[in-house]
Every structure is written in C-alpha cells, then in structure tokens.
>>> print(open('my_file-v3.cif').read())   # mmCIF, C-alpha atoms
data_data
loop_
_atom_site.label_atom_id
_atom_site.label_comp_id
_atom_site.auth_asym_id
_atom_site.auth_seq_id
_atom_site.Cartn_x
_atom_site.Cartn_y
_atom_site.Cartn_z
CA MET A 1 130.54 -166.80 -71.64
CA ILE A 2 129.18 -164.68 -74.51
CA VAL A 3 127.19 -161.61 -73.43
CA ARG A 4 126.12 -158.30 -74.93
CA LEU A 5 128.60 -155.50 -74.46
CA ASN A 6 126.17 -153.31 -72.51
CA LYS A 7 125.51 -156.17 -70.07
CA TYR A 8 129.24 -156.61 -69.49
CA ILE A 9 129.61 -152.90 -68.75
CA ALA A 10 126.63 -153.00 -66.39
CA ASP A 11 127.93 -156.09 -64.60
CA SER A 12 131.23 -154.31 -64.06
CA GLY A 13 129.38 -151.67 -62.07
CA ALA A 14 130.42 -148.88 -64.43
CA ALA A 15 126.89 -147.98 -65.53
CA SER A 16 123.37 -149.24 -66.07
CA ARG A 17 122.62 -150.92 -69.40
CA ARG A 18 120.90 -147.78 -70.69
CA LYS A 19 123.87 -145.61 -69.74
CA ALA A 20 126.24 -148.19 -71.18
CA ASP A 21 124.47 -147.83 -74.53
CA GLU A 22 125.11 -144.09 -74.37
CA TYR A 23 128.80 -144.66 -73.67
CA ILE A 24 129.04 -147.08 -76.60
CA LEU A 25 127.43 -144.61 -79.01
CA GLN A 26 129.78 -141.88 -77.73
CA GLY A 27 132.78 -143.99 -78.76
CA ARG A 28 134.03 -144.35 -75.21
CA VAL A 29 134.12 -148.16 -75.18
CA ASN A 30 136.88 -150.35 -76.58
CA VAL A 31 136.80 -154.11 -77.00
CA ASN A 32 140.41 -155.17 -77.01
CA ARG A 33 141.97 -152.38 -79.12
CA ASP A 34 138.93 -151.43 -81.17
CA VAL A 35 136.26 -148.81 -80.53
CA VAL A 36 132.84 -150.47 -80.77
CA LEU A 37 129.75 -148.44 -81.73
CA ASP A 38 127.36 -151.37 -82.29
CA LEU A 39 124.80 -151.66 -79.45
CA GLY A 40 124.28 -155.33 -80.28
CA HIS A 41 127.96 -156.24 -80.08
CA LYS A 42 128.73 -159.35 -78.03
CA VAL A 43 131.89 -160.14 -76.11
CA ASP A 44 133.52 -163.22 -74.67
CA THR A 45 133.93 -162.66 -70.93
CA GLU A 46 136.88 -165.10 -70.85
CA LYS A 47 138.85 -163.76 -73.82
CA ASP A 48 137.97 -160.12 -74.52
CA ASP A 49 139.25 -157.05 -72.71
CA ILE A 50 136.72 -154.24 -72.35
CA TYR A 51 137.70 -150.64 -71.61
CA LEU A 52 135.66 -147.56 -70.74
CA ASP A 53 137.53 -144.28 -71.21
CA GLY A 54 140.74 -146.27 -71.22
CA GLU A 55 140.06 -148.06 -67.93
CA LYS A 56 139.80 -151.85 -68.07
CA LEU A 57 136.51 -153.20 -66.70
CA HIS A 58 136.02 -156.38 -64.70
CA ILE A 59 132.80 -158.20 -63.86
CA GLN A 60 132.20 -158.03 -60.11
CA ARG A 61 130.18 -159.99 -57.62
CA HIS A 62 126.72 -158.48 -57.45
CA VAL A 63 125.86 -156.16 -54.58
CA TYR A 64 122.54 -154.51 -53.75
CA TYR A 65 121.92 -151.50 -51.52
CA LEU A 66 118.97 -149.44 -50.39
CA LEU A 67 119.76 -145.73 -49.97
CA ASN A 68 117.39 -143.25 -48.34
CA LYS A 69 118.36 -140.40 -50.63
CA PRO A 70 118.67 -136.94 -49.09
CA ARG A 71 118.09 -133.60 -50.80
CA GLY A 72 120.95 -131.91 -52.59
CA VAL A 73 122.66 -134.88 -54.25
CA VAL A 74 122.44 -135.98 -57.87
CA THR A 75 121.42 -139.48 -58.90
CA THR A 76 124.38 -140.38 -61.06
CA THR A 77 127.85 -141.86 -60.76
CA ASP A 78 129.58 -138.55 -61.55
CA ASP A 79 128.58 -134.95 -62.18
CA GLU A 80 130.01 -132.43 -64.60
CA LYS A 81 129.24 -129.63 -62.11
CA ASN A 82 131.15 -131.43 -59.33
CA ARG A 83 128.04 -131.73 -57.17
CA ALA A 84 127.79 -134.52 -54.62
CA THR A 85 126.38 -137.75 -56.06
CA VAL A 86 124.51 -140.61 -54.44
CA ILE A 87 127.60 -142.77 -54.98
CA ASP A 88 129.61 -140.40 -52.76
CA LEU A 89 127.35 -141.39 -49.85
CA LEU A 90 128.35 -145.07 -50.02
CA LYS A 91 131.56 -146.20 -48.38
CA ILE A 92 132.02 -149.39 -50.37
CA LYS A 93 134.77 -150.76 -52.60
CA GLU A 94 132.62 -152.04 -55.49
CA LYS A 95 131.79 -149.92 -58.51
CA VAL A 96 128.02 -149.42 -58.49
CA PHE A 97 125.33 -147.28 -60.12
CA PRO A 98 121.85 -146.05 -59.16
CA VAL A 99 118.74 -147.82 -60.44
CA GLY A 100 116.78 -145.12 -62.25
CA ARG A 101 116.77 -141.51 -61.09
CA LEU A 102 115.49 -139.26 -58.36
CA ASP A 103 115.65 -135.50 -58.88
CA TYR A 104 118.23 -133.37 -57.07
CA ASN A 105 115.84 -132.36 -54.26
CA THR A 106 113.69 -135.52 -54.27
CA THR A 107 114.23 -137.84 -51.31
CA GLY A 108 113.52 -141.47 -50.51
CA VAL A 109 114.04 -145.02 -51.73
CA LEU A 110 116.83 -145.50 -54.24
CA PHE A 111 118.46 -148.81 -55.14
CA ILE A 112 122.20 -148.95 -55.83
CA THR A 113 123.74 -152.01 -57.48
CA ASN A 114 126.19 -153.35 -60.03
CA ASP A 115 123.71 -155.92 -61.38
CA GLY A 116 122.55 -154.75 -64.79
CA ASP A 117 119.79 -157.36 -65.01
CA PHE A 118 118.39 -156.29 -61.63
CA SER A 119 118.36 -152.66 -62.75
CA TYR A 120 116.68 -153.61 -66.03
CA LEU A 121 114.04 -155.64 -64.19
CA LEU A 122 113.13 -152.69 -61.96
CA THR A 123 113.13 -149.99 -64.61
CA HIS A 124 111.64 -151.58 -67.72
CA PRO A 125 108.03 -150.39 -68.21
CA LYS A 126 106.75 -153.86 -69.14
CA ASN A 127 107.36 -155.12 -65.59
CA ASN A 128 104.97 -152.62 -63.94
CA VAL A 129 107.09 -152.21 -60.81
CA PRO A 130 105.17 -149.97 -58.34
CA ARG A 131 106.51 -146.77 -56.83
CA GLN A 132 104.79 -144.86 -54.02
CA TYR A 133 105.39 -141.16 -53.38
CA GLU A 134 104.58 -138.62 -50.69
CA VAL A 135 103.89 -135.26 -52.30
CA LYS A 136 103.25 -131.73 -51.11
CA VAL A 137 101.75 -129.27 -53.59
CA GLU A 138 101.24 -125.54 -53.23
CA ARG A 139 97.42 -125.58 -53.32
CA PRO A 140 94.68 -128.06 -52.35
CA ILE A 141 93.75 -130.74 -54.88
CA ASN A 142 90.07 -130.74 -55.81
CA ASP A 143 87.90 -133.82 -56.39
CA GLU A 144 87.58 -133.23 -60.13
CA ASP A 145 91.34 -133.30 -60.57
CA VAL A 146 91.65 -136.41 -58.40
CA GLN A 147 89.49 -138.23 -60.93
CA LYS A 148 91.55 -136.88 -63.81
CA PHE A 149 94.77 -138.15 -62.23
CA LEU A 150 93.23 -141.62 -61.83
CA LYS A 151 91.63 -141.75 -65.29
CA GLY A 152 94.57 -140.26 -67.15
CA VAL A 153 96.19 -136.96 -68.08
CA TYR A 154 98.23 -136.23 -71.16
CA LEU A 155 101.95 -135.50 -70.93
CA GLN A 156 104.36 -134.86 -73.79
CA THR A 157 105.27 -138.55 -73.61
CA GLY A 158 101.63 -139.66 -73.83
CA ARG A 159 98.70 -140.52 -71.57
CA ALA A 160 99.57 -141.39 -67.97
CA VAL A 161 97.78 -142.23 -64.72
CA PHE A 162 98.31 -142.57 -61.02
CA LYS A 163 97.24 -146.03 -59.85
CA THR A 164 96.13 -144.65 -56.48
CA LEU A 165 95.79 -141.21 -54.90
CA THR A 166 94.99 -140.71 -51.22
CA PHE A 167 95.11 -137.92 -48.64
CA PRO A 168 96.86 -139.08 -45.44
CA LYS A 169 95.77 -135.85 -43.73
CA LYS A 170 92.13 -135.60 -44.72
CA SER A 171 91.93 -132.00 -43.53
CA ASP A 172 94.88 -130.92 -45.70
CA ARG A 173 94.56 -131.69 -49.40
CA LYS A 174 97.97 -130.20 -50.16
CA PHE A 175 99.50 -133.45 -48.86
CA VAL A 176 98.91 -136.51 -51.01
CA GLU A 177 100.24 -140.03 -51.52
CA VAL A 178 100.27 -141.46 -55.03
CA SER A 179 101.36 -144.73 -56.56
CA CYS A 180 102.36 -145.44 -60.14
CA VAL A 181 104.35 -147.86 -62.26
CA GLU A 182 106.03 -145.14 -64.31
CA GLY A 183 109.75 -144.42 -64.27
CA ARG A 184 109.95 -141.59 -66.79
CA ASN A 185 112.04 -138.59 -65.74
CA HIS A 186 110.14 -136.06 -63.61
CA PHE A 187 107.00 -138.19 -63.99
CA VAL A 188 105.29 -137.25 -60.72
CA LYS A 189 106.11 -133.56 -61.06
CA ASN A 190 104.94 -133.56 -64.67
CA MET A 191 101.67 -135.25 -63.72
CA PHE A 192 100.83 -132.60 -61.16
CA GLY A 193 102.13 -129.83 -63.42
CA ALA A 194 99.80 -130.96 -66.20
CA LEU A 195 96.85 -129.86 -64.05
CA GLY A 196 98.51 -126.73 -62.71
CA TYR A 197 99.86 -128.03 -59.38
CA ASN A 198 103.38 -127.05 -58.39
CA VAL A 199 105.21 -129.72 -56.36
CA ILE A 200 106.91 -128.29 -53.28
CA SER A 201 108.39 -131.52 -51.92
CA LEU A 202 108.60 -135.10 -53.15
CA ASN A 203 109.62 -138.27 -51.33
CA ARG A 204 109.66 -141.79 -52.78
CA LYS A 205 108.16 -143.80 -49.93
CA SER A 206 108.59 -147.21 -51.50
CA TYR A 207 109.82 -148.95 -54.66
CA ALA A 208 108.94 -152.56 -55.52
CA GLY A 209 107.42 -152.85 -52.05
CA ILE A 210 110.66 -151.84 -50.28
CA THR A 211 110.34 -148.86 -47.92
CA ALA A 212 112.99 -146.49 -46.58
CA ASP A 213 113.30 -147.95 -43.08
CA ILE A 214 116.59 -146.15 -42.40
CA PRO A 215 117.48 -142.50 -41.69
CA VAL A 216 117.75 -140.02 -44.57
CA GLY A 217 121.25 -140.12 -46.04
CA SER A 218 122.03 -143.62 -44.80
CA TYR A 219 122.08 -146.95 -46.63
CA ARG A 220 121.99 -150.68 -45.99
CA PRO A 221 122.39 -153.87 -48.02
CA LEU A 222 119.21 -155.39 -49.36
CA THR A 223 118.57 -158.74 -47.69
CA PRO A 224 118.60 -161.95 -49.75
CA ASN A 225 114.87 -162.29 -49.08
CA GLU A 226 114.20 -158.78 -50.42
CA ILE A 227 116.28 -159.40 -53.54
CA ASN A 228 114.64 -162.77 -54.23
CA LYS A 229 111.15 -161.40 -53.66
CA ILE A 230 111.71 -158.57 -56.14
CA LYS A 231 113.04 -160.99 -58.75
CA GLU A 232 110.26 -163.52 -58.22
CA THR A 233 107.50 -160.89 -58.21
CA TYR A 234 108.48 -158.87 -61.26
CA ALA A 235 110.50 -161.20 -63.49
CA GLY A 236 107.25 -162.58 -64.88
#
>>> encode(input="my_file-v3.cif", output="structure tokens")
Amino acid sequence: MIVRLNKYIADSGAASRRKADEYILQGRVNVNRDVVLDLGHKVDTEKDDIYLDGEKLHIQRHVYYLLNKPRGVVTTTDDEKNRATVIDLLKIKEKVFPVGRLDYNTTGVLFITNDGDFSYLLTHPKNNVPRQYEVKVERPINDEDVQKFLKGVYLQTGRAVFKTLTFPKKSDRKFVEVSCVEGRNHFVKNMFGALGYNVISLNRKSYAGITADIPVGSYRPLTPNEINKIKETYAG
C-alpha cells in the first residue's frame, strides 16, 4: 500500500502526523538508507523500510485510550527536561502518542492513540470537534465580558469565540464552564487573558462528547461504540 510518509510514522505510533512532519524537516527520518525532507513523500508499506532516529518503525494495530490527565505531567511522548509524560502513565506495549495537548497543570480528557487519521480527525479545525472546560479565574466575570467572549475577542492568532459560557455556581462567577471548537495551544487561557482574567485552574471536562468518567491519573480503552460515534459524527 502506498501512503504518505507522515501517515506511516503516525500509524507506527511514533508521533502524530503534525509531529511527524517536524521530524521529517529535522532530517530525523530515513526511507531505506536515504534521509527524506519532503513532506509529501510517499512510501510503499510492503517494500520500504522507515527509520526514525535510526530505529525501524512498524505499522501497528490501532489502539485508543482515554486518559484523565493529572497535573504535573507533560502532554508529549518524551521531554527534554526529563519530566513525567502522559505516556509514562500508560502500562501498555504499543507505541502511542497524545491527541493534541493539555498544559502541564491542566487536567481532564486526553485521548491517546497510534491512529494518525483518528488524531487528525479530532484536531483539524475544519471538523469543529467540541471541547468543554471547567475554569476557575481569579476574579468574577462580569456580564459585559460574557458577551464579548461569546461574540468574539481578538488573540494574536485572530478572532476567537466561546460557543457557550455558563456559571455552574450562580453565586460564584469565578467558576465557569465554557465550550469551544478550538485546539490552538493555550486557547482557553489566552481567551480569558485577553480580557484580563488570570486562569487559576483548568480542567477539560469533555472532548468530542467523551467525558472523564474515571479517576484522575487513570485510563481506559475507548469502546468500539465511542470510536465509531466519533468517526461518524466528525468525519463529515
């Protein structure tokens, strides 16, 4: 089968497609004996040998996990500062990678997989996959700013909105739940920061309709029904 090089790397569980592109541009990927720097390069899964940092990659069976991410771990497969990663929390044999990112001290729903297409489906902006967050800020949010969040504020990356904004504790407007379809780095924190609100704590309550129904720091396989529903709902 002929596939793009970044898809092969993703399907091996070594990295997401986006990260695979970075590895290719860094000259860390060999096809057979040759370093390949072309992001559009295609490989034959039956004939070509693909290496990342000298290690031969193999396409694996696809696995899908839900992790309830705790504080104090980084959302990556390895860390140059030797901090604990989300991969360290999983006691599995397959090579996998996180879908998107959650900040070091952000908690909640995080998908872990070795399926590059599944990761792409969830993270590509065109698919409008919803995320819901529980947020605590350092001062109460006023009504005027609520409307600004819903109509749009301007970040360095452009105009952005929260789809919904509610107060689960009506008497305490420092606690808020928001939903969005954005996956840009630090998006929620940047949204609140744009109007002068400092985020004290942040928890992703749900992603693509999947909630963290397990204790913080634990994980479970996604069920076939959950996987199929995500694919059917957002594949368009």
>>> residues_around(input="my_file-v3.cif", residues="range 138-152 of chain A", least_positions_apart="6", cutoff="8 Å", atoms="all atoms listed in the file", output="list of chain:residue names")
A:Arg159, A:Ala160, A:Val161, A:Phe162, A:Lys163, A:Thr164, A:Leu165, A:Asp172, A:Arg173, A:Lys174, A:Met191, A:Leu195, A:Tyr197, A:Asn198, A:Val199, A:Ile200
>>> write_last_selection(input="my_file-v3.cif", atoms="C-alpha atoms", output="mmCIF file, in the frame of the given file")
data_model
loop_
_atom_site.group_PDB
_atom_site.id
_atom_site.type_symbol
_atom_site.label_atom_id
_atom_site.label_comp_id
_atom_site.auth_asym_id
_atom_site.auth_seq_id
_atom_site.Cartn_x
_atom_site.Cartn_y
_atom_site.Cartn_z
ATOM 1 C CA ARG A 159 98.700 -140.520 -71.570
ATOM 2 C CA ALA A 160 99.570 -141.390 -67.970
ATOM 3 C CA VAL A 161 97.780 -142.230 -64.720
ATOM 4 C CA PHE A 162 98.310 -142.570 -61.020
ATOM 5 C CA LYS A 163 97.240 -146.030 -59.850
ATOM 6 C CA THR A 164 96.130 -144.650 -56.480
ATOM 7 C CA LEU A 165 95.790 -141.210 -54.900
ATOM 8 C CA ASP A 172 94.880 -130.920 -45.700
ATOM 9 C CA ARG A 173 94.560 -131.690 -49.400
ATOM 10 C CA LYS A 174 97.970 -130.200 -50.160
ATOM 11 C CA MET A 191 101.670 -135.250 -63.720
ATOM 12 C CA LEU A 195 96.850 -129.860 -64.050
ATOM 13 C CA TYR A 197 99.860 -128.030 -59.380
ATOM 14 C CA ASN A 198 103.380 -127.050 -58.390
ATOM 15 C CA VAL A 199 105.210 -129.720 -56.360
ATOM 16 C CA ILE A 200 106.910 -128.290 -53.280
#
>>> axis_aligned_box(input="my_file-v3.cif", around="range 24-36 of chain A", padding_each_side="4 Å", output="AutoDock Vina command-line options")
--center_x 134.7 --center_y -148.5 --center_z -78.2 --size_x 22.5 --size_y 21.3 --size_z 14.0
>>> atom_distance(input="my_file-v3.cif", atom1="CA of Ser16 in chain A", atom2="CA of Gly100 in chain A")
8.7 Å
>>> resolve_selection(input="my_file-v3.cif", expression="the PyMOL selection byres ((chain A and resi 72-82) around 8)", output="list of chain:residue names")
A:Ala15, A:Lys69, A:Pro70, A:Arg71, A:Arg83, A:Ala84, A:Thr85, A:Val86, A:Ile87, A:Val96, A:Phe97, A:Pro98, A:Arg101, A:Leu102, A:Asp103, A:Tyr104, A:Asn105
>>> write_last_selection(input="my_file-v3.cif", atoms="C-alpha atoms", output="PDB file, in the coordinates of the input")
ATOM      1  CA  ALA A  15     126.890-147.980 -65.530  1.00  0.00           C
ATOM      2  CA  LYS A  69     118.360-140.400 -50.630  1.00  0.00           C
ATOM      3  CA  PRO A  70     118.670-136.940 -49.090  1.00  0.00           C
ATOM      4  CA  ARG A  71     118.090-133.600 -50.800  1.00  0.00           C
ATOM      5  CA  ARG A  83     128.040-131.730 -57.170  1.00  0.00           C
ATOM      6  CA  ALA A  84     127.790-134.520 -54.620  1.00  0.00           C
ATOM      7  CA  THR A  85     126.380-137.750 -56.060  1.00  0.00           C
ATOM      8  CA  VAL A  86     124.510-140.610 -54.440  1.00  0.00           C
ATOM      9  CA  ILE A  87     127.600-142.770 -54.980  1.00  0.00           C
ATOM     10  CA  VAL A  96     128.020-149.420 -58.490  1.00  0.00           C
ATOM     11  CA  PHE A  97     125.330-147.280 -60.120  1.00  0.00           C
ATOM     12  CA  PRO A  98     121.850-146.050 -59.160  1.00  0.00           C
ATOM     13  CA  ARG A 101     116.770-141.510 -61.090  1.00  0.00           C
ATOM     14  CA  LEU A 102     115.490-139.260 -58.360  1.00  0.00           C
ATOM     15  CA  ASP A 103     115.650-135.500 -58.880  1.00  0.00           C
ATOM     16  CA  TYR A 104     118.230-133.370 -57.070  1.00  0.00           C
ATOM     17  CA  ASN A 105     115.840-132.360 -54.260  1.00  0.00           C
TER      18      ASN A 105
END
>>> atom_distance(input="my_file-v3.cif", atom1="CA of Ala10 in chain A", atom2="CA of Asp115 in chain A")
6.5 Å
>>> residues_around(input="my_file-v3.cif", residues="Gln26 in chain A", least_positions_apart="6", cutoff="12 Å", atoms="all atoms listed in the file", output="VMD selection string")
chain A and resid 19 to 20 35 to 39 52 to 53
>>> residues_near_point(input="my_file-v3.cif", point="(135.2, -146.0, -70.4)", cutoff="6 Å", atoms="all atoms listed in the file", output="NGL selection string")
:A and (28-29 or 51-55)
>>> resolve_selection(input="my_file-v3.cif", expression="the PyMOL selection byres ((chain A and resi 184) around 10)", output="MDAnalysis selection string")
chainID A and resid 100:101 123 125 157 181:183 185:188 190
>>> atom_distance(input="my_file-v3.cif", atom1="CA of Gln156 in chain A", atom2="CA of Asn6 in chain A")
28.6 Å
>>> closest_residue(input="my_file-v3.cif", among="A:Val135, A:Leu67, A:Ile50, A:Val178", to="Leu89 in chain A", atoms="only C-alpha atoms")
A:Leu67
>>> closest_residue(input="my_file-v3.cif", among="A:Thr106, A:Asn68, A:Gln60, A:Asn32", to="Tyr219 in chain A", atoms="all atoms listed in the file")
A:Asn68
